[in-house]
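Structure data follow from start.csv (CSV, C-alpha atoms):
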chain,number,residue,atom,x,y,z
A,1,MET,CA,11.6,36.5,-18.5
A,2,ARG,CA,8.5,34.5,-19.6
A,3,LYS,CA,10.5,31.3,-19.7
A,4,LEU,CA,12.0,32.0,-16.2
A,5,PHE,CA,8.5,32.8,-14.9
A,6,PHE,CA,7.1,29.5,-16.0
A,7,ILE,CA,10.1,27.6,-14.5
A,8,HIS,CA,9.5,29.3,-11.2
A,9,LEU,CA,5.7,28.6,-11.5
A,10,ILE,CA,6.3,24.9,-12.3
A,11,GLY,CA,8.8,24.7,-9.4
A,12,ALA,CA,6.3,26.2,-7.0
A,13,PHE,CA,3.5,23.9,-8.2
A,14,LEU,CA,5.7,20.8,-7.7
A,15,THR,CA,6.7,22.0,-4.2
A,16,VAL,CA,3.0,22.5,-3.2
A,17,SER,CA,1.9,19.2,-4.8
A,18,LEU,CA,4.7,17.2,-3.1
A,19,ALA,CA,4.1,18.8,0.3
A,20,ALA,CA,0.3,18.9,0.3
A,21,SER,CA,-1.3,16.2,2.3
A,22,ASP,CA,-4.6,15.7,4.1
A,23,VAL,CA,-2.9,13.5,6.8
A,24,GLY,CA,-3.9,15.1,10.1
A,25,GLN,CA,-7.1,16.7,8.7
A,26,ARG,CA,-9.6,16.9,11.6
A,27,PHE,CA,-13.4,16.6,11.4
A,28,PRO,CA,-15.8,17.6,14.2
A,29,SER,CA,-17.6,15.1,16.4
A,30,GLU,CA,-20.6,13.4,14.9
A,31,ALA,CA,-21.4,11.5,18.1
A,32,LYS,CA,-24.9,11.0,19.3
A,33,THR,CA,-26.8,8.4,21.3
A,34,TYR,CA,-30.2,6.7,20.8
A,35,GLU,CA,-32.1,4.1,22.7
A,36,ASP,CA,-32.6,0.7,21.0
A,37,PRO,CA,-36.4,0.5,20.4
A,38,VAL,CA,-36.5,-3.2,21.3
A,39,THR,CA,-34.0,-3.7,24.1
A,40,GLY,CA,-33.8,-0.2,25.5
A,41,ILE,CA,-30.0,-0.4,25.5
A,42,PRO,CA,-28.3,2.9,24.7
A,43,VAL,CA,-26.4,2.9,21.4
A,44,ARG,CA,-23.5,5.4,21.1
A,45,VAL,CA,-23.1,6.5,17.5
A,46,LEU,CA,-19.5,7.6,16.8
A,47,THR,CA,-19.7,8.5,13.1
A,48,HIS,CA,-22.8,9.6,11.2
A,49,SER,CA,-22.6,11.3,7.9
A,50,PRO,CA,-23.1,10.5,4.2
A,51,SER,CA,-19.8,8.6,4.4
A,52,ASN,CA,-19.6,4.8,4.4
A,53,ASP,CA,-17.5,4.2,7.4
A,54,ILE,CA,-16.1,0.7,7.6
A,55,ARG,CA,-14.1,-0.6,10.6
A,56,ILE,CA,-11.2,-3.0,10.5
A,57,TYR,CA,-12.3,-6.6,10.1
A,58,GLN,CA,-13.3,-8.1,13.4
A,59,THR,CA,-10.4,-10.6,13.4
A,60,HIS,CA,-8.0,-7.8,14.3
A,61,PRO,CA,-7.8,-5.0,16.9
A,62,GLN,CA,-10.1,-2.1,16.4
A,63,TRP,CA,-8.7,0.3,19.1
A,64,THR,CA,-5.2,1.8,19.2
A,65,ALA,CA,-3.0,0.4,22.0
A,66,CYS,CA,-3.9,3.3,24.3
A,67,GLY,CA,-7.6,2.4,24.0
A,68,GLU,CA,-8.7,5.9,23.0
A,69,TRP,CA,-9.0,5.8,19.2
A,70,ILE,CA,-10.9,3.5,16.8
A,71,VAL,CA,-9.5,3.2,13.3
A,72,PHE,CA,-11.7,2.8,10.2
A,73,ARG,CA,-11.6,3.5,6.5
A,74,THR,CA,-13.7,5.3,4.0
A,75,ALA,CA,-13.5,7.0,0.6
A,76,ASP,CA,-16.2,9.6,1.1
A,77,ARG,CA,-14.3,11.7,3.7
A,78,SER,CA,-11.1,12.1,1.6
A,79,ARG,CA,-10.9,15.0,-0.7
A,80,ASP,CA,-9.5,13.0,-3.6
A,81,GLY,CA,-12.1,10.3,-3.3
A,82,HIS,CA,-9.6,7.5,-2.7
A,83,PRO,CA,-10.2,5.1,0.3
A,84,GLN,CA,-8.2,6.3,3.3
A,85,ALA,CA,-7.7,5.4,7.0
A,86,PHE,CA,-9.2,7.6,9.7
A,87,ALA,CA,-9.4,7.4,13.5
A,88,VAL,CA,-12.3,8.5,15.7
A,89,HIS,CA,-11.6,9.4,19.4
A,90,GLU,CA,-14.1,7.4,21.4
A,91,ALA,CA,-14.5,9.9,24.2
A,92,ASP,CA,-14.8,13.3,22.3
A,93,GLY,CA,-15.7,12.1,18.8
A,94,THR,CA,-12.9,13.9,17.0
A,95,ILE,CA,-12.1,12.3,13.6
A,96,VAL,CA,-8.5,12.5,12.2
A,97,GLN,CA,-7.3,11.4,8.7
A,98,LEU,CA,-4.3,9.0,8.9
A,99,THR,CA,-3.4,8.3,5.3
A,100,ASP,CA,-3.5,10.1,2.0
A,101,GLY,CA,-2.8,9.6,-1.7
A,102,PRO,CA,-3.6,6.8,-4.2
A,103,GLY,CA,-2.7,3.1,-3.8
A,104,PHE,CA,-3.9,2.6,-0.2
A,105,ALA,CA,-4.8,-1.0,0.2
A,106,TYR,CA,-7.8,-0.3,2.5
A,107,ARG,CA,-8.4,-3.9,3.6
A,108,SER,CA,-4.8,-4.1,5.0
A,109,ILE,CA,-5.1,-1.9,8.1
A,110,ARG,CA,-3.5,-3.5,11.2
A,111,LEU,CA,-3.0,-2.0,14.7
A,112,SER,CA,-0.2,-2.8,17.1
A,113,ARG,CA,-1.3,-4.1,20.5
A,114,LYS,CA,1.9,-2.7,22.2
A,115,GLU,CA,2.1,0.9,21.0
A,116,ASN,CA,0.1,3.5,19.0
A,117,VAL,CA,1.2,2.3,15.6
A,118,MET,CA,-0.7,1.4,12.5
A,119,TYR,CA,0.5,-0.9,9.7
A,120,TYR,CA,-0.9,-1.0,6.2
A,121,LEU,CA,0.0,-1.9,2.6
A,122,ARG,CA,0.2,0.6,-0.4
A,123,ASN,CA,0.3,-0.5,-4.0
A,124,ALA,CA,3.7,0.0,-5.6
A,125,GLU,CA,5.6,-1.1,-8.7
A,126,GLY,CA,5.8,-4.9,-8.7
A,127,GLY,CA,4.0,-5.4,-5.4
A,128,GLN,CA,2.9,-3.6,-2.2
A,129,ASP,CA,4.9,-1.6,0.3
A,130,LEU,CA,4.4,-2.5,4.0
A,131,ILE,CA,4.2,0.7,5.9
A,132,ARG,CA,4.4,1.6,9.6
A,133,VAL,CA,2.6,4.8,10.8
A,134,ASP,CA,3.6,6.4,14.1
A,135,LEU,CA,0.2,7.6,15.5
A,136,ASP,CA,1.3,9.4,18.7
A,137,PRO,CA,3.1,12.3,16.9
A,138,LEU,CA,0.5,12.3,14.2
A,139,PHE,CA,-2.4,12.9,16.7
A,140,ALA,CA,-0.3,15.4,18.7
A,141,ASP,CA,0.6,17.5,15.6
A,142,SER,CA,-3.0,17.3,14.3
A,143,ALA,CA,-4.3,18.7,17.6
A,144,VAL,CA,-2.1,21.8,17.2
A,145,GLY,CA,-2.5,22.1,13.4
A,146,ARG,CA,1.2,21.7,12.6
A,147,MET,CA,2.0,18.5,10.6
A,148,ARG,CA,5.6,17.3,9.9
A,149,GLU,CA,6.7,17.8,6.3
A,150,GLU,CA,8.4,14.5,6.3
A,151,GLY,CA,5.3,12.7,7.5
A,152,TYR,CA,4.8,9.8,9.9
A,153,GLU,CA,5.3,6.8,7.7
A,154,THR,CA,8.2,4.3,7.4
A,155,VAL,CA,8.3,1.8,4.5
A,156,LEU,CA,9.5,-1.5,6.0
A,157,THR,CA,9.7,-3.6,2.9
A,158,ARG,CA,8.1,-4.3,-0.5
A,159,ILE,CA,6.1,-7.4,-0.8
A,160,PRO,CA,6.2,-8.8,-4.4
A,161,GLY,CA,2.7,-9.3,-5.8
A,162,GLY,CA,1.0,-8.5,-2.6
A,163,HIS,CA,-2.4,-9.8,-1.3
A,164,GLU,CA,-3.7,-6.9,0.8
A,165,ILE,CA,-3.7,-8.9,4.0
A,166,PHE,CA,-1.1,-9.8,6.7
A,167,THR,CA,-0.9,-10.5,10.4
A,168,LEU,CA,1.4,-9.4,13.3
A,169,ASP,CA,2.8,-12.1,15.5
A,170,VAL,CA,2.0,-11.4,19.2
A,171,THR,CA,5.7,-10.3,19.6
A,172,GLU,CA,5.3,-8.0,16.6
A,173,GLU,CA,8.8,-9.1,15.7
A,174,ARG,CA,7.4,-11.3,12.9
A,175,ILE,CA,4.9,-10.6,10.2
A,176,PHE,CA,3.1,-13.3,8.2
A,177,TYR,CA,1.5,-12.7,4.9
A,178,PRO,CA,0.0,-14.7,2.0
A,179,ASN,CA,1.4,-14.2,-1.5
A,180,ARG,CA,0.0,-15.2,-4.9
A,181,THR,CA,2.5,-15.4,-7.7
A,182,ASP,CA,2.9,-17.4,-11.0
A,183,ASP,CA,5.8,-19.7,-11.8
A,184,GLU,CA,7.6,-19.8,-15.2
A,185,ASP,CA,4.8,-22.0,-16.7
A,186,GLY,CA,2.0,-19.7,-15.5
A,187,ASN,CA,0.9,-21.9,-12.7
A,188,ARG,CA,-0.5,-20.1,-9.6
A,189,ILE,CA,1.5,-20.4,-6.4
A,190,ASN,CA,-0.3,-19.7,-3.1
A,191,ALA,CA,2.1,-19.5,-0.3
A,192,ILE,CA,2.5,-17.9,3.2
A,193,HIS,CA,5.7,-16.0,3.9
A,194,GLU,CA,7.3,-14.6,7.0
A,195,PHE,CA,9.0,-11.1,7.2
A,196,ASP,CA,11.5,-10.2,9.9
A,197,PRO,CA,11.4,-6.4,10.4
A,198,ALA,CA,14.8,-6.5,12.2
A,199,THR,CA,16.8,-8.2,9.4
A,200,LYS,CA,14.5,-7.2,6.5
A,201,THR,CA,14.4,-10.8,5.3
A,202,HIS,CA,11.5,-12.7,3.8
A,203,SER,CA,11.1,-16.5,3.9
A,204,GLU,CA,8.5,-18.9,2.5
A,205,LEU,CA,6.9,-21.0,5.2
A,206,PHE,CA,4.7,-23.3,3.1
A,207,ARG,CA,2.4,-23.6,0.1
A,208,VAL,CA,-1.3,-24.5,-0.4
A,209,ASP,CA,-3.4,-25.2,-3.4
A,210,PHE,CA,-6.2,-22.7,-2.7
A,211,THR,CA,-6.7,-18.9,-2.3
A,212,ILE,CA,-5.7,-17.8,1.2
A,213,GLY,CA,-7.8,-15.4,3.3
A,214,HIS,CA,-8.3,-14.1,6.8
A,215,ILE,CA,-4.8,-14.9,8.2
A,216,GLN,CA,-4.7,-14.0,11.9
A,217,ALA,CA,-1.9,-14.7,14.4
A,218,ASN,CA,-2.7,-16.0,17.9
A,219,PRO,CA,-2.8,-12.9,20.0
A,220,HIS,CA,-1.4,-14.8,23.0
A,221,ARG,CA,1.2,-17.2,21.6
A,222,SER,CA,4.0,-16.6,19.2
A,223,GLY,CA,4.5,-18.5,16.0
A,224,GLU,CA,1.0,-19.7,15.5
A,225,PHE,CA,-1.7,-18.5,13.1
A,226,ILE,CA,-5.0,-19.6,11.4
A,227,PHE,CA,-6.2,-18.7,8.0
A,228,CYS,CA,-9.0,-19.8,5.7
A,229,HIS,CA,-9.6,-21.2,2.2
A,230,GLU,CA,-11.3,-18.2,0.7
A,231,THR,CA,-14.0,-18.9,-1.8
A,232,GLY,CA,-16.5,-16.2,-1.1
A,233,GLY,CA,-18.9,-19.0,-0.2
A,234,ASP,CA,-18.7,-22.6,1.2
A,235,ALA,CA,-15.2,-24.0,1.1
A,236,PRO,CA,-14.6,-27.8,1.3
A,237,GLN,CA,-12.4,-27.1,4.3
A,238,ARG,CA,-12.5,-23.6,5.7
A,239,ILE,CA,-10.1,-23.2,8.6
A,240,TRP,CA,-6.4,-24.1,8.6
A,241,ILE,CA,-3.8,-23.7,11.3
A,242,TRP,CA,0.0,-23.5,11.4
A,243,ARG,CA,2.6,-23.2,14.2
A,244,ASP,CA,6.3,-23.2,14.5
A,245,GLY,CA,7.8,-26.6,13.7
A,246,MET,CA,5.1,-27.7,11.2
A,247,GLU,CA,6.1,-28.3,7.7
A,248,GLY,CA,2.7,-27.3,6.4
A,249,ALA,CA,-0.7,-26.2,7.6
A,250,GLU,CA,-3.3,-28.6,9.0
A,251,PRO,CA,-7.1,-28.4,8.8
A,252,LEU,CA,-8.9,-27.1,12.0
A,253,PHE,CA,-12.4,-28.5,12.5
A,254,VAL,CA,-12.4,-31.1,9.8
A,255,GLU,CA,-15.6,-30.6,7.9
A,256,GLN,CA,-18.2,-33.0,6.7
A,257,GLU,CA,-19.8,-32.4,3.3
A,258,SER,CA,-22.9,-30.9,4.9
A,259,ASP,CA,-20.9,-28.3,6.9
A,260,TRP,CA,-20.6,-24.6,6.0
A,261,VAL,CA,-18.0,-23.0,8.2
A,262,THR,CA,-17.2,-19.3,8.2
A,263,HIS,CA,-16.0,-16.2,10.1
A,264,GLU,CA,-13.4,-17.8,12.3
A,265,ALA,CA,-11.5,-15.7,14.9
A,266,TRP,CA,-9.3,-16.3,17.9
A,267,ALA,CA,-11.2,-16.5,21.2
A,268,ASP,CA,-8.3,-17.0,23.5
A,269,GLU,CA,-4.9,-18.7,23.5
A,270,ASP,CA,-6.3,-22.1,23.0
A,271,HIS,CA,-9.7,-21.6,21.3
A,272,VAL,CA,-11.0,-20.4,18.0
A,273,ILE,CA,-14.6,-19.2,17.6
A,274,PHE,CA,-16.4,-19.7,14.3
A,275,ASN,CA,-19.9,-20.0,12.8
A,276,LEU,CA,-21.3,-23.3,11.6
A,277,MET,CA,-23.9,-21.8,9.2
A,278,GLY,CA,-27.6,-22.8,9.4
A,279,HIS,CA,-29.2,-20.4,7.0
A,280,THR,CA,-30.8,-23.1,4.8
A,281,SER,CA,-33.0,-26.1,5.5
A,282,ARG,CA,-30.3,-28.5,4.2
A,283,LEU,CA,-27.7,-27.2,6.7
A,284,ARG,CA,-30.2,-27.4,9.6
A,285,LEU,CA,-30.4,-31.1,9.3
A,286,ARG,CA,-27.4,-31.1,11.7
A,287,PRO,CA,-26.7,-28.8,14.7
A,288,THR,CA,-25.4,-25.4,13.7
A,289,GLY,CA,-24.5,-22.0,15.2
A,290,ILE,CA,-21.6,-20.3,16.9
A,291,ALA,CA,-19.0,-22.8,18.1
A,292,LEU,CA,-15.6,-22.9,19.9
A,293,ILE,CA,-12.9,-25.4,19.1
A,294,ASN,CA,-9.8,-26.1,21.2
A,295,VAL,CA,-6.8,-25.9,18.9
A,296,ARG,CA,-4.8,-28.3,21.2
A,297,THR,CA,-7.4,-31.1,21.6
A,298,ASP,CA,-9.9,-30.4,18.7
A,299,GLU,CA,-12.7,-30.5,21.3
A,300,VAL,CA,-15.7,-28.5,20.0
A,301,ARG,CA,-18.3,-26.7,22.0
A,302,LEU,CA,-21.5,-25.6,20.2
A,303,LEU,CA,-23.1,-22.4,21.5
A,304,GLY,CA,-26.0,-22.7,19.0
A,305,GLN,CA,-28.3,-20.4,17.1
A,306,PRO,CA,-30.5,-17.5,18.5
A,307,VAL,CA,-32.8,-19.0,21.2
A,308,PRO,CA,-35.4,-19.3,22.4
A,309,ASN,CA,-38.0,-18.3,19.8
A,310,PRO,CA,-36.0,-15.7,17.9
A,311,PRO,CA,-37.7,-13.0,15.9
A,312,LEU,CA,-38.7,-14.3,12.5
A,313,GLU,CA,-35.9,-12.4,10.8
A,314,ASP,CA,-33.3,-14.2,12.9
A,315,ARG,CA,-34.4,-17.7,12.1
A,316,ARG,CA,-31.6,-18.0,9.4
A,317,GLY,CA,-29.2,-17.9,12.3
A,318,PHE,CA,-25.9,-16.2,13.1
A,319,TRP,CA,-23.5,-14.7,10.6
A,320,HIS,CA,-20.4,-13.3,12.3
A,321,CYS,CA,-19.0,-14.0,15.8
A,322,ASN,CA,-16.4,-12.9,18.3
A,323,ALA,CA,-15.3,-13.5,21.9
A,324,SER,CA,-14.3,-11.1,24.7
A,325,PRO,CA,-10.7,-10.9,25.8
A,326,ASP,CA,-11.7,-11.9,29.4
A,327,GLY,CA,-13.2,-15.2,28.2
A,328,ARG,CA,-16.7,-14.3,29.6
A,329,TRP,CA,-18.7,-13.4,26.5
A,330,ALA,CA,-19.3,-14.2,22.9
A,331,VAL,CA,-21.2,-12.0,20.5
A,332,GLY,CA,-22.9,-12.7,17.2
A,333,ASP,CA,-24.7,-10.8,14.5
A,334,THR,CA,-27.6,-12.2,12.3
A,335,PHE,CA,-28.5,-11.7,8.7
A,336,SER,CA,-31.0,-9.1,9.8
A,337,GLY,CA,-28.5,-7.1,11.8
A,338,ASN,CA,-29.5,-8.0,15.3
A,339,ILE,CA,-26.7,-8.4,17.9
A,340,TYR,CA,-26.8,-11.1,20.5
A,341,LEU,CA,-24.6,-11.5,23.6
A,342,ILE,CA,-23.8,-15.0,24.8
A,343,ASP,CA,-22.6,-15.8,28.4
A,344,LEU,CA,-19.9,-18.4,28.0
A,345,ARG,CA,-20.4,-19.7,31.5
A,346,THR,CA,-24.0,-20.6,31.0
A,347,ASN,CA,-24.7,-20.3,27.2
A,348,ALA,CA,-27.5,-17.8,28.1
A,349,GLN,CA,-28.3,-15.4,25.3
A,350,HIS,CA,-29.3,-11.8,25.5
A,351,LEU,CA,-30.5,-9.7,22.6
A,352,LEU,CA,-28.4,-6.5,22.8
A,353,SER,CA,-29.4,-4.4,19.9
A,354,THR,CA,-31.6,-4.6,16.7
A,355,GLY,CA,-32.0,-3.3,13.2
A,356,HIS,CA,-28.4,-2.8,12.2
A,357,VAL,CA,-29.3,-3.4,8.5
A,358,MET,CA,-26.3,-4.2,6.4
A,359,ARG,CA,-27.0,-3.7,2.7
A,360,PRO,CA,-23.5,-2.2,2.2
A,361,ASP,CA,-21.8,-4.7,4.6
A,362,HIS,CA,-22.3,-6.6,7.9
A,363,ALA,CA,-22.3,-5.6,11.5
A,364,HIS,CA,-19.0,-7.4,12.3
A,365,PRO,CA,-19.2,-7.1,16.2
A,366,ALA,CA,-15.9,-7.0,18.1
A,367,PHE,CA,-15.1,-6.4,21.8
A,368,SER,CA,-13.0,-3.7,23.4
A,369,ALA,CA,-9.9,-4.7,25.2
A,370,ASP,CA,-11.7,-4.4,28.6
A,371,SER,CA,-14.5,-6.7,27.4
A,372,ARG,CA,-17.1,-4.0,28.4
A,373,ARG,CA,-18.1,-2.6,24.9
A,374,VAL,CA,-19.0,-4.0,21.5
A,375,LEU,CA,-18.1,-2.1,18.4
A,376,ILE,CA,-20.3,-2.6,15.3
A,377,GLN,CA,-20.8,-0.9,11.9
A,378,SER,CA,-24.5,-0.2,11.2
A,379,GLY,CA,-26.8,1.1,8.6
A,380,HIS,CA,-29.6,1.7,11.1
A,381,LEU,CA,-29.7,5.5,10.8
A,382,SER,CA,-29.6,5.5,7.0
A,383,ASP,CA,-31.9,2.6,6.2
A,384,GLY,CA,-28.9,0.5,5.2
A,385,GLN,CA,-27.6,3.0,2.6
A,386,ASN,CA,-24.3,3.7,4.4
A,387,LEU,CA,-22.5,2.5,7.5
A,388,ASP,CA,-21.8,4.3,10.8
A,389,LEU,CA,-19.6,3.1,13.7
A,390,MET,CA,-21.5,2.4,16.9
A,391,ILE,CA,-20.7,1.3,20.4
A,392,LEU,CA,-22.9,-1.0,22.6
A,393,GLU,CA,-22.1,-0.9,26.3
A,394,LEU,CA,-22.7,-4.3,28.0
A,395,PRO,CA,-25.5,-4.0,30.6
A,396,GLU,CA,-24.5,-4.4,34.2

Show me, as C-alpha cells, the structure contained in the file I just sent.
Amino acid sequence: MRKLFFIHLIGAFLTVSLAASDVGQRFPSEAKTYEDPVTGIPVRVLTHSPSNDIRIYQTHPQWTACGEWIVFRTADRSRDGHPQAFAVHEADGTIVQLTDGPGFAYRSIRLSRKENVMYYLRNAEGGQDLIRVDLDPLFADSAVGRMREEGYETVLTRIPGGHEIFTLDVTEERIFYPNRTDDEDGNRINAIHEFDPATKTHSELFRVDFTIGHIQANPHRSGEFIFCHETGGDAPQRIWIWRDGMEGAEPLFVEQESDWVTHEAWADEDHVIFNLMGHTSRLRLRPTGIALINVRTDEVRLLGQPVPNPPLEDRRGFWHCNASPDGRWAVGDTFSGNIYLIDLRTNAQHLLSTGHVMRPDHAHPAFSADSRRVLIQSGHLSDGQNLDLMILELPE
C-alpha cells in the first residue's frame, strides 16, 4: 500500500509539474501619466514596478500586428526568476505573460507584421529551437482564465549552435539567422543561413570573418537585409548589406579610420538610418550625428547632432536613432536620456522628453506603425535603477 501510494503521489506530482505553466498569467494595469518637467509633453507610463522591463530592440517591431499590444521581456515578473516574454495592452494597461520555463533566449523576440504571432528561440540540446507563438488564442484564453493544456507554441526547427538573433523576411516565408560554429580544426565559422518554414530546409548564404550582430530584413523588400560587425565598441566597418543574387555581403557606408558608426536601422525601403558617433573630441573633428544612407546610390544625408545650443548633458551627441514608417520623422536619444524629434522635411529638431536615465540600459526610441507615438524604455521614475515602458505622443 505504501509503495502504491508513493507511485500515485509521484504520478500526480509529474502531472502537475508538466501541466503547470504561467503562460497567460495576468497582471493589473500599472499605467499612469506625468508631464515632462522641461517640455510639458505628457508621458504615458505603461509599466511601473520593481521589475526591469526591457522592450524588443528598436530595429524590430514593438507592437503586435493588431497594434494593441507591446511585447517586452523581464525576469522579475516571472515566478521562477527566468527572463520571460510579456505583453502590455496599450489602451487598458493589462499585462499578460507569454512564455514560461528555462532556456528562453530573451534577446530573440520577433513579432510578425502580418498577424498576431511571436517568434523566439529557446535553448535546446545542440542548439536553439525556433518557436512560433499564436497570440490571438493566448490573449483570448487568458482573458477568460482558461488556458489550453497543449499550449500555444509550435517548434519550427532546431538551429545548430544558435546565436540568439534572427530576422523575418518581409514575406515571412524566409527567416535569416547568423550561426557560429567551429570546423574540424577548431576554427570559428561565422555564417548567415536561410531557413524556409514551408520546406523545413536550411541553407548557408555566405560567410564573414567577424562576429555578426543586429541582422534585420528590409521591411518593404524581400530578399534583402543588413547586419553589423559586432564588437561592443567601434568596428572597422560596422554596417553590411546582402540581397538576393549577391555571393557575399558588401559594406554599407564605407568607413574612414576616424568614423565610429553604430545603431543602424531601416528607415524605409531604400534608406538606412544610423548614428555617426561624436561623443569624443577626436570624433568631432569631422561632421557627426544621425545620418541616412540610400542603399541603392550610397548617397548620405547628415541630420546632425542636437542643435542649437543643446543642454550641457547632450553635448556628447546622439546615441540611438530610428525613423517613422511614414517617412516624416526621425527620433534620437542621447547619452543623458533626452529624446529629440527631427523633421525629415526641414531637419528641424524638437526636444520631446527629458531625463530618461539609462543606467540599466538605453532609451532605444521606436515609432508606432501609425508614426504618431514613440515607445521608449526609461529609468526616469526609479532614478535609473530599473526600466519602465513609456509612450510619447507626437505633438500636433

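Closest approach to A:Trp69 among A:Lys200, A:His380, A:Arg55, A:His82 is made by A:Arg55 (distances from all atoms listed in the file).
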
Give the answer as one residue: which of A:Glu255, A:Asp36, A:Glu30, A:Glu313 has the shortest atom-to-atom distance to A:Gly337, using all atoms listed in the file?
-> A:Glu313

Would you list the contacts of A:Ala105 as a ChimeraX atom specification, taking every protein, DNA or RNA residue within 9 Å and counting all atoms listed in the file, but skipping same-chain residues closer than 6 positions in sequence?
-> /A:83-84,120-123,128,164-165

For the residues in that selection, give me C-alpha atoms as a short mmCIF file (atom, residue, chain, number, x, y, z; two decimals), keeping the file's coordinate frame.
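Listed below is the output, part-v2.cif:
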data_model
loop_
_atom_site.label_atom_id
_atom_site.label_comp_id
_atom_site.auth_asym_id
_atom_site.auth_seq_id
_atom_site.Cartn_x
_atom_site.Cartn_y
_atom_site.Cartn_z
CA PRO A 83 -10.20 5.10 0.30
CA GLN A 84 -8.20 6.30 3.30
CA TYR A 120 -0.90 -1.00 6.20
CA LEU A 121 0.00 -1.90 2.60
CA ARG A 122 0.20 0.60 -0.40
CA ASN A 123 0.30 -0.50 -4.00
CA GLN A 128 2.90 -3.60 -2.20
CA GLU A 164 -3.70 -6.90 0.80
CA ILE A 165 -3.70 -8.90 4.00
#

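Distances from A:Val117, A:Val23, A:Ala265, A:Val45 to A:Arg79 were compared using only C-alpha atoms, and the smallest one belongs to A:Val23.
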
To one decimal in Å, tell me the separation between atom CA of A:Ala363 and atom CA of A:Ser378.
-> 5.8 Å

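Put simply, atom CA of A:Leu392 is 19.5 Å away from atom CA of A:Ala267.
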
So which residues touch A:Tyr119 within 7 Å, counting only C-alpha atoms, skipping near sequence neighbours fewer than 6 positions away, as a ChimeraX atom specification?
-> /A:109-111,131-133

Residue with smallest distance to A:Val71 - pool A:Leu135, A:Ala31, A:Leu205, A:Gly233, counting only C-alpha atoms | A:Leu135

Counting only C-alpha atoms, give me one row per residue of stretch 222-330 of chain A with an atom at most 12 Å from an atom of stretch 348-360 of chain A, showing the shortest contact pair and its distance in Å to one decimal, sorted by chain then residue number, as a tab-separated table.
residue	atom	partner	partner_atom	distance
A:Ile290	CA	A:Gln349	CA	11.8
A:Leu303	CA	A:Ala348	CA	9.2
A:Gly304	CA	A:Gln349	CA	9.9
A:Gln305	CA	A:Gln349	CA	9.6
A:Pro306	CA	A:Gln349	CA	7.4
A:Val307	CA	A:Gln349	CA	7.1
A:Pro308	CA	A:Gln349	CA	8.6
A:Asn309	CA	A:Gln349	CA	11.5
A:Pro310	CA	A:Leu351	CA	9.4
A:Pro311	CA	A:Leu351	CA	10.4
A:Glu313	CA	A:Gly355	CA	10.2
A:Asp314	CA	A:Thr354	CA	10.5
A:Trp319	CA	A:Met358	CA	11.7
A:Arg328	CA	A:Ala348	CA	11.5
A:Trp329	CA	A:Gln349	CA	9.9
A:Ala330	CA	A:Gln349	CA	9.4

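Shortest separation to A:Thr59 among A:Asp298, A:Asp383, A:Asp209, A:Glu264 occurs at residue A:Glu264, atoms counted being only C-alpha atoms.
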
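Between A:Arg221 and the candidates A:Cys321, A:Leu168, A:Ile189, A:Val144, the tightest atom-to-atom separation, counting all atoms listed in the file, involves A:Leu168.
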
What's the 8 Å shell around A:Phe166, counting all atoms listed in the file, without same-chain residues fewer than 6 positions away, as a PDB file with C-alpha atoms, in the coordinates of the input?
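Result file follows (around04.pdb):
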ATOM      1  CA  SER A 108      -4.800  -4.100   5.000  1.00  0.00           C
ATOM      2  CA  ILE A 175       4.900 -10.600  10.200  1.00  0.00           C
ATOM      3  CA  PHE A 176       3.100 -13.300   8.200  1.00  0.00           C
ATOM      4  CA  TYR A 177       1.500 -12.700   4.900  1.00  0.00           C
ATOM      5  CA  PRO A 178       0.000 -14.700   2.000  1.00  0.00           C
ATOM      6  CA  ILE A 215      -4.800 -14.900   8.200  1.00  0.00           C
ATOM      7  CA  GLN A 216      -4.700 -14.000  11.900  1.00  0.00           C
TER       8      GLN A 216
END

Coordinates-based distance that separates atom CA of A:Glu68 from atom CA of A:Arg373 (Å, one decimal) = 12.8 Å

Hey, what's within 10 Å of A:Arg148 if we count all atoms listed in the file and toss same-chain stuff fewer than 4 positions away? As a ChimeraX atom specification, please?
-> /A:19,23-24,137-138,141-142,152

Mind checking which residues fall within 12 Å of A:Arg26, counting all atoms listed in the file, ignoring those fewer than 5 positions away in the same chain, and posting them as a PyMOL selection string?
-> chain A and resi 77-78+86-89+93-98+138-147

Using C-alpha atoms, can you write the selected residues to a file as a compact mmCIF listing (two decimals), keeping the file's coordinate frame?
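Here's the written file result.txt:
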# COMPACT_ATOMS: atom_id res chain seq x y z
CA ARG A 77 -14.30 11.70 3.70
CA SER A 78 -11.10 12.10 1.60
CA PHE A 86 -9.20 7.60 9.70
CA ALA A 87 -9.40 7.40 13.50
CA VAL A 88 -12.30 8.50 15.70
CA HIS A 89 -11.60 9.40 19.40
CA GLY A 93 -15.70 12.10 18.80
CA THR A 94 -12.90 13.90 17.00
CA ILE A 95 -12.10 12.30 13.60
CA VAL A 96 -8.50 12.50 12.20
CA GLN A 97 -7.30 11.40 8.70
CA LEU A 98 -4.30 9.00 8.90
CA LEU A 138 0.50 12.30 14.20
CA PHE A 139 -2.40 12.90 16.70
CA ALA A 140 -0.30 15.40 18.70
CA ASP A 141 0.60 17.50 15.60
CA SER A 142 -3.00 17.30 14.30
CA ALA A 143 -4.30 18.70 17.60
CA VAL A 144 -2.10 21.80 17.20
CA GLY A 145 -2.50 22.10 13.40
CA ARG A 146 1.20 21.70 12.60
CA MET A 147 2.00 18.50 10.60
